[in-house]
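The structure file run.txt is reproduced below (compact mmCIF, C-alpha atoms and all ligand atoms).
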```
# COMPACT_ATOMS: atom_id res chain seq x y z
CA GLU A 1078 97.01 105.88 128.18
CA THR A 1079 98.55 107.93 125.37
CA ASP A 1080 98.85 104.70 123.47
CA ASN A 1081 95.18 104.09 123.96
CA CYS A 1082 94.35 107.57 122.75
CA SER A 1083 96.38 107.34 119.59
CA ARG A 1084 94.90 103.93 118.92
CA MET A 1085 91.44 105.41 119.27
CA LEU A 1086 92.40 108.15 116.86
CA LYS A 1087 93.96 105.74 114.46
CA TYR A 1088 90.89 103.59 114.11
CA ARG A 1089 87.92 105.77 114.84
CA CYS A 1090 86.71 109.14 113.67
CA PRO A 1091 83.40 111.04 113.90
CA GLY A 1092 82.13 108.91 111.00
CA CYS A 1093 82.66 105.88 113.22
CA ILE A 1094 81.53 107.26 116.55
CA VAL A 1095 78.61 109.63 116.06
CA VAL A 1096 75.43 107.78 116.94
CA ARG A 1097 72.85 106.92 114.36
CA LYS A 1098 70.19 109.13 115.88
CA LEU A 1099 72.20 112.13 114.66
CA LEU A 1100 73.28 110.63 111.35
CA ASN A 1101 71.49 110.00 108.09
CA SER A 1102 72.09 109.89 104.36
CA ARG A 1103 71.63 113.65 104.16
CA ASN A 1104 74.22 114.80 106.66
CA PHE A 1105 76.77 112.00 106.83
CA SER A 1106 79.05 113.22 104.06
CA LYS A 1107 78.90 116.82 105.24
CA LEU A 1108 79.77 115.74 108.76
CA LEU A 1109 82.82 113.82 107.53
CA HIS A 1110 83.98 116.75 105.44
CA SER A 1111 83.62 119.16 108.34
CA CYS A 1112 85.98 117.17 110.57
CA ALA A 1113 89.71 117.76 110.55
CA TYR A 1114 90.35 114.13 111.31
CA GLN A 1115 89.10 111.02 109.50
CA CYS A 1116 90.13 107.44 110.19
CA ASP A 1117 91.80 105.54 107.34
CA HIS A 1118 88.55 103.82 106.42
CA HIS A 1119 86.54 107.01 106.07
CA LYS A 1120 89.35 109.06 104.61
CA VAL A 1121 89.89 106.60 101.75
CA ILE A 1122 86.17 106.32 100.98
CA MET A 1123 85.68 110.08 101.21
CA GLU A 1124 88.58 110.84 98.88
CA ALA A 1125 87.46 108.30 96.31
CA GLU A 1126 83.88 109.58 96.38
CA ASP A 1127 85.04 113.20 96.17
CA LYS A 1128 87.00 112.44 93.01
CA TYR A 1129 83.97 110.73 91.50
CA LYS A 1130 81.70 113.63 92.49
CA ASN A 1131 84.06 116.14 90.89
CA GLU A 1132 83.98 114.25 87.60
CA LEU A 1133 80.23 114.12 87.75
CA ARG A 1134 79.96 117.83 88.49
CA LYS A 1135 82.11 118.56 85.45
CA ALA A 1136 79.88 116.31 83.34
CA PHE A 1137 76.79 118.17 84.59
CA ILE A 1138 78.31 121.50 83.62
CA CYS A 1139 79.23 120.19 80.17
CA ALA A 1140 75.74 118.82 79.61
CA LYS A 1141 74.24 122.15 80.60
CA ARG A 1142 76.55 124.02 78.25
CA ILE A 1143 75.64 121.78 75.34
CA LEU A 1144 71.97 122.37 76.00
CA LEU A 1145 72.44 126.12 76.20
CA THR A 1146 74.62 126.57 73.15
CA PRO A 1147 72.57 128.58 70.59
CA CYS A 1148 73.31 126.31 67.64
CA ARG A 1149 72.43 123.28 69.71
CA ARG A 1150 69.19 124.96 70.70
CA ARG A 1151 68.40 125.67 67.02
CA GLN A 1152 69.17 122.08 66.24
CA LEU A 1153 66.85 120.91 68.97
CA SER A 1154 64.01 123.09 67.79
CA LYS A 1155 64.48 121.84 64.24
CA GLU A 1156 64.33 118.27 65.46
CA SER A 1157 61.12 118.76 67.38
CA MET B 614 64.21 102.07 116.95
CA PHE B 615 63.52 103.80 113.60
CA GLN B 616 60.36 105.58 114.70
CA GLY B 617 59.45 108.46 112.42
CA GLN B 618 62.37 107.92 110.01
CA ARG B 619 61.91 107.57 106.29
CA GLY B 620 63.93 105.01 104.38
CA TRP B 621 64.36 104.44 100.67
CA PHE B 622 65.19 100.92 99.52
CA CYS B 623 66.90 99.90 96.30
CA ARG B 624 65.22 96.85 94.77
CA SER B 625 68.42 94.95 95.58
CA VAL B 626 67.46 94.93 99.27
CA SER B 627 65.72 91.80 100.54
CA GLN B 628 62.18 91.85 101.84
CA ALA B 629 63.42 90.64 105.24
CA LEU B 630 65.55 93.74 105.73
CA ARG B 631 62.76 96.10 104.65
CA GLN B 632 60.41 94.30 107.00
CA PHE B 633 62.83 94.77 109.87
CA TRP B 634 62.92 98.51 109.16
CA VAL B 635 59.11 98.68 109.21
CA ASP B 636 58.83 96.43 112.29
CA GLN B 637 61.12 98.86 114.09
CA GLY B 638 58.89 101.82 113.29
CA GLY B 639 60.53 103.05 110.08
CA MET B 640 58.59 104.26 107.07
CA VAL B 641 59.33 103.43 103.45
CA SER B 642 59.48 106.44 101.13
CA ASP B 643 60.77 107.53 97.75
CA ALA B 644 64.40 108.56 97.40
CA GLN B 645 63.67 112.29 97.48
CA ALA B 646 61.88 112.25 100.81
CA ALA B 647 64.06 109.65 102.52
CA ASP B 648 66.35 110.29 105.47
CA PHE B 649 68.15 107.02 104.81
CA LEU B 650 69.12 105.47 101.47
CA PHE B 651 69.66 101.71 101.62
CA SER B 652 71.02 99.39 98.95
CA CYS B 653 72.61 95.95 98.71
CA ASP B 654 74.08 96.50 95.25
CA ALA B 655 75.95 99.61 94.16
CA SER B 656 75.54 98.72 90.49
CA HIS B 657 71.77 98.23 90.60
CA PRO B 658 70.04 100.82 88.35
CA ASP B 659 68.02 102.17 91.32
CA THR B 660 71.20 102.92 93.23
CA LEU B 661 73.06 104.17 90.17
CA ARG B 662 70.40 106.82 89.84
CA ILE B 663 71.35 108.10 93.31
CA TYR B 664 75.06 108.18 92.46
CA GLN B 665 74.30 110.19 89.34
CA SER B 666 72.12 112.75 91.09
CA LEU B 667 72.88 116.36 91.85
CA GLU B 668 72.20 115.63 95.53
CA TYR B 669 74.96 113.06 95.57
CA THR B 670 77.48 115.50 94.12
CA GLU B 671 76.37 118.00 96.75
CA ASP B 672 77.28 115.60 99.56
CA SER B 673 73.70 115.10 100.66
CA ALA B 674 72.93 111.55 99.54
CA THR B 675 75.11 108.93 101.19
CA VAL B 676 74.05 105.38 100.38
CA PHE B 677 74.32 102.84 103.19
CA HIS B 678 74.50 99.09 102.76
CA ALA B 679 71.28 97.57 104.03
CA TYR B 680 73.30 94.99 105.97
CA TYR B 681 73.41 97.73 108.57
CA LEU B 682 69.85 96.68 109.38
CA ALA B 683 70.88 93.04 109.71
CA ALA B 684 73.71 94.08 112.01
CA VAL B 685 71.23 96.02 114.16
CA ALA B 686 68.82 93.07 114.18
CA ASN B 687 71.56 90.76 115.38
CA ALA B 688 73.19 93.12 117.86
CA GLU B 689 72.53 92.92 121.55
CA LYS B 690 72.88 96.66 121.96
CA LYS B 691 71.04 97.93 118.91
CA ASN B 692 72.36 101.46 119.19
CA SER B 693 75.97 100.29 119.30
CA VAL B 694 76.14 99.40 115.59
CA ALA B 695 78.03 102.14 113.75
CA LEU B 696 76.03 103.26 110.74
CA GLY B 697 79.15 104.98 109.43
CA HIS B 698 80.82 101.62 108.80
CA PHE B 699 78.19 100.72 106.23
CA VAL B 700 78.81 103.43 103.63
CA LEU B 701 78.26 101.93 100.17
CA PRO B 702 80.39 103.75 97.58
CA PRO B 703 79.79 103.54 93.81
CA ALA B 704 80.84 100.18 92.34
CA CYS B 705 83.51 101.73 90.13
CA LEU B 706 85.37 102.95 93.24
CA GLN B 707 85.18 99.81 95.32
CA LYS B 708 88.21 98.08 93.86
CA GLU B 709 90.49 101.02 94.55
CA ILE B 710 89.12 101.47 98.07
CA ARG B 711 89.48 97.77 98.83
CA ARG B 712 93.08 97.88 97.71
CA LYS B 713 93.77 100.54 100.33
CA ILE B 714 91.71 99.44 103.30
CA GLY B 715 90.80 95.79 102.73
CA SER B 716 87.34 94.36 102.36
CA PHE B 717 84.22 96.23 103.38
CA ILE B 718 82.37 95.19 106.52
CA TRP B 719 79.30 94.32 104.47
CA GLU B 720 81.25 91.88 102.31
CA GLN B 721 81.15 89.29 105.08
CA ASP B 722 77.80 87.87 104.02
CA GLU B 723 77.61 85.20 106.67
CA LYS B 724 77.59 87.84 109.39
CA PHE B 725 74.42 89.42 108.13
CA GLN B 726 71.85 86.67 107.89
CA ILE B 727 68.68 88.20 109.22
CA GLU B 728 66.40 85.26 108.43
CA LYS B 729 67.62 83.40 111.51
CA HIS B 730 66.65 86.31 113.70
CA SER B 731 63.23 86.09 115.29
CA ARG B 732 61.20 89.21 114.74
CA ALA B 733 60.65 91.45 117.73
ZN ZN C 1201 85.90 106.63 110.77
```
Now, as a test, write the supplied structure out as structure tokens.
Ligand SMILES: [Zn+2]
Amino acid sequence: ETDNCSRMLKYRCPGCIVVRKLLNSRNFSKLLHSCAYQCDHHKVIMEAEDKYKNELRKAFICAKRILLTPCRRRQLSKES
Amino acid sequence: MFQGQRGWFCRSVSQALRQFWVDQGGMVSDAQAADFLFSCDASHPDTLRIYQSLEYTEDSATVFHAYYLAAVANAEKKNSVALGHFVLPPACLQKEIRRKIGSFIWEQDEKFQIEKHSRA
């Protein structure tokens, strides 16, 4: 029985089990993040996506800063 | 099965899969309004736009491989297919993920032929 349990835990997590009626593209990632346990499959995907999202967030912040820099703004208004 | 749900489809998704969604009561919408985001190609420009969105970075835009719909169409118990197994990550991450966990479920093309399935 314990064996069965640990096997369950090893291969399945909320991302695997929660039924589709409760899942969609809007809440899936949040659900995974809110759970202490993820199966290997979901853990690996989640970690890879998180790294990618962090890079993107940084890029967004940089882009914003460039747009808001006064000299850049002057440059933009000169161009237009 | 998809009554009242809104789905967005990347242009990489076949007409047969979209049709199955609609036949099962789903609606087709734009990406902003959609509850479900479906794609068959993570590097298609439509899907890239999702991966580069603020929503995606805020964990509220998971893309699912549209083969989920084929799996549902072919399954005896339609509700038993785990949507969570069909997460489609950005193309630039797939190699690294595959190295760690093997191939993705949706990479087994032959399993997801919907054309053979007679429409309900
Ligand atoms: Zn899982």
Please, which residues in chain B fall within 10 Å of ligand ZN 1201 (chain C) when counting only C-alpha atoms and all ligand atoms, and what is the closest atom pair and distance in Å to one decimal for each, ordered by chain then residue number, as a tab-separated table?
```
residue	atom	partner	partner_atom	distance
B:Ala695	CA	C:ZN1201	ZN	9.5
B:Gly697	CA	C:ZN1201	ZN	7.1
B:His698	CA	C:ZN1201	ZN	7.4
```
Can you check which parts of chain A lie within 8 Å of chain B? Per residue, the shortest pair of atoms and distance in Å to one decimal, counting all atoms listed in the file, sorted by chain and number, as a Markdown table.
```
| residue | atom | partner | partner_atom | distance |
| --- | --- | --- | --- | --- |
| A:Gly1092 | CA | B:Gly697 | CA | 5.2 |
| A:Cys1093 | CA | B:Gly697 | CA | 5.2 |
| A:Ile1094 | CA | B:Ala695 | CA | 6.8 |
| A:Val1095 | CA | B:Ala695 | CA | 7.9 |
| A:Val1096 | CA | B:Ala695 | CA | 7.0 |
| A:Arg1097 | CA | B:Leu696 | CA | 6.1 |
| A:Leu1100 | CA | B:Leu696 | CA | 7.9 |
| A:Asn1101 | CA | B:Phe649 | CA | 5.5 |
| A:Ser1102 | CA | B:Thr675 | CA | 4.5 |
| A:Arg1103 | CA | B:Ser673 | CA | 4.3 |
| A:Asn1104 | CA | B:Ser673 | CA | 6.0 |
| A:Phe1105 | CA | B:Thr675 | CA | 6.6 |
| A:Ser1106 | CA | B:Asp672 | CA | 5.4 |
| A:Lys1107 | CA | B:Asp672 | CA | 6.0 |
| A:Asp1117 | CA | B:Ile714 | CA | 7.3 |
| A:His1118 | CA | B:Ile714 | CA | 6.2 |
| A:Val1121 | CA | B:Ile710 | CA | 6.4 |
| A:Ile1122 | CA | B:Ile710 | CA | 6.4 |
| A:Ala1125 | CA | B:Leu706 | CA | 6.5 |
| A:Glu1126 | CA | B:Pro702 | CA | 6.9 |
| A:Lys1130 | CA | B:Thr670 | CA | 4.9 |
| A:Asn1131 | CA | B:Thr670 | CA | 7.4 |
| A:Leu1133 | CA | B:Thr670 | CA | 7.1 |
| A:Arg1134 | CA | B:Thr670 | CA | 6.6 |
```
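In this model, the gap between atom CA of B:Val641 and atom CA of B:Phe622 comes to 7.5 Å.
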Problem set entry | Contact residues around stretch 680-684 of chain B with all atoms listed in the file at 8 Å, ignoring same-chain residues under 3 positions, as a list of chain:residue names |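 Those residues are B:Leu630, B:Phe633, B:Trp634, B:Cys653, B:Phe677, B:Asn687, B:Ala688, B:Val694, B:Leu696, B:Phe699, B:Trp719, B:Lys724, B:Phe725, B:Gln726, B:Ile727.
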Seminar exercise, completed: Students should find that atom CA of A:Lys1098 and atom CA of B:Ala679 are spaced 16.6 Å
Within 6 Å of B:Ser652, counting all atoms listed in the file, which residues qualify if same-chain residues fewer than 5 places away don't, as a PDB file with C-alpha atoms, in the coordinates of the input?
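So the final result, stored in out.pdb, reads:
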```pdb
ATOM      1  CA  CYS B 623      66.900  99.900  96.300  1.00  0.00           C
ATOM      2  CA  VAL B 626      67.460  94.930  99.270  1.00  0.00           C
ATOM      3  CA  HIS B 678      74.500  99.090 102.760  1.00  0.00           C
ATOM      4  CA  ALA B 679      71.280  97.570 104.030  1.00  0.00           C
TER       5      ALA B 679
END
```
Problem set entry | Separation of atom CA of A:Leu1109 from atom CA of A:Asp1127 in Å |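 Computing the Euclidean distance for atom CA of A:Asp1127 and atom CA of A:Leu1109 yields 11.6 Å.
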For this session: Using only C-alpha atoms, pick whichever of B:Asp643, B:Val685, B:Arg624, B:Gly617 has the shortest atom-to-atom distance to B:Ala655.
Result: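 Between B:Asp643, B:Val685, B:Arg624, B:Gly617, the residue approaching B:Ala655 most closely is B:Arg624.
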For this session: Find, counting all atoms listed in the file, the residue in B:Ser625, B:Glu720, B:Arg712, B:Lys690 that gets nearest to B:His657.
Result: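 Closest candidate: B:Ser625.
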Around all the atoms of stretch 1122-1128 of chain A listed in the file, with 5 Å of room on each side, what axis-aligned box do you get, giving centre and edge lengths in Å to one decimal, as lines of an AutoDock Vina configuration file?
```
center_x = 86.2
center_y = 109.8
center_z = 97.1
size_x = 14.7
size_y = 16.9
size_z = 18.2
```
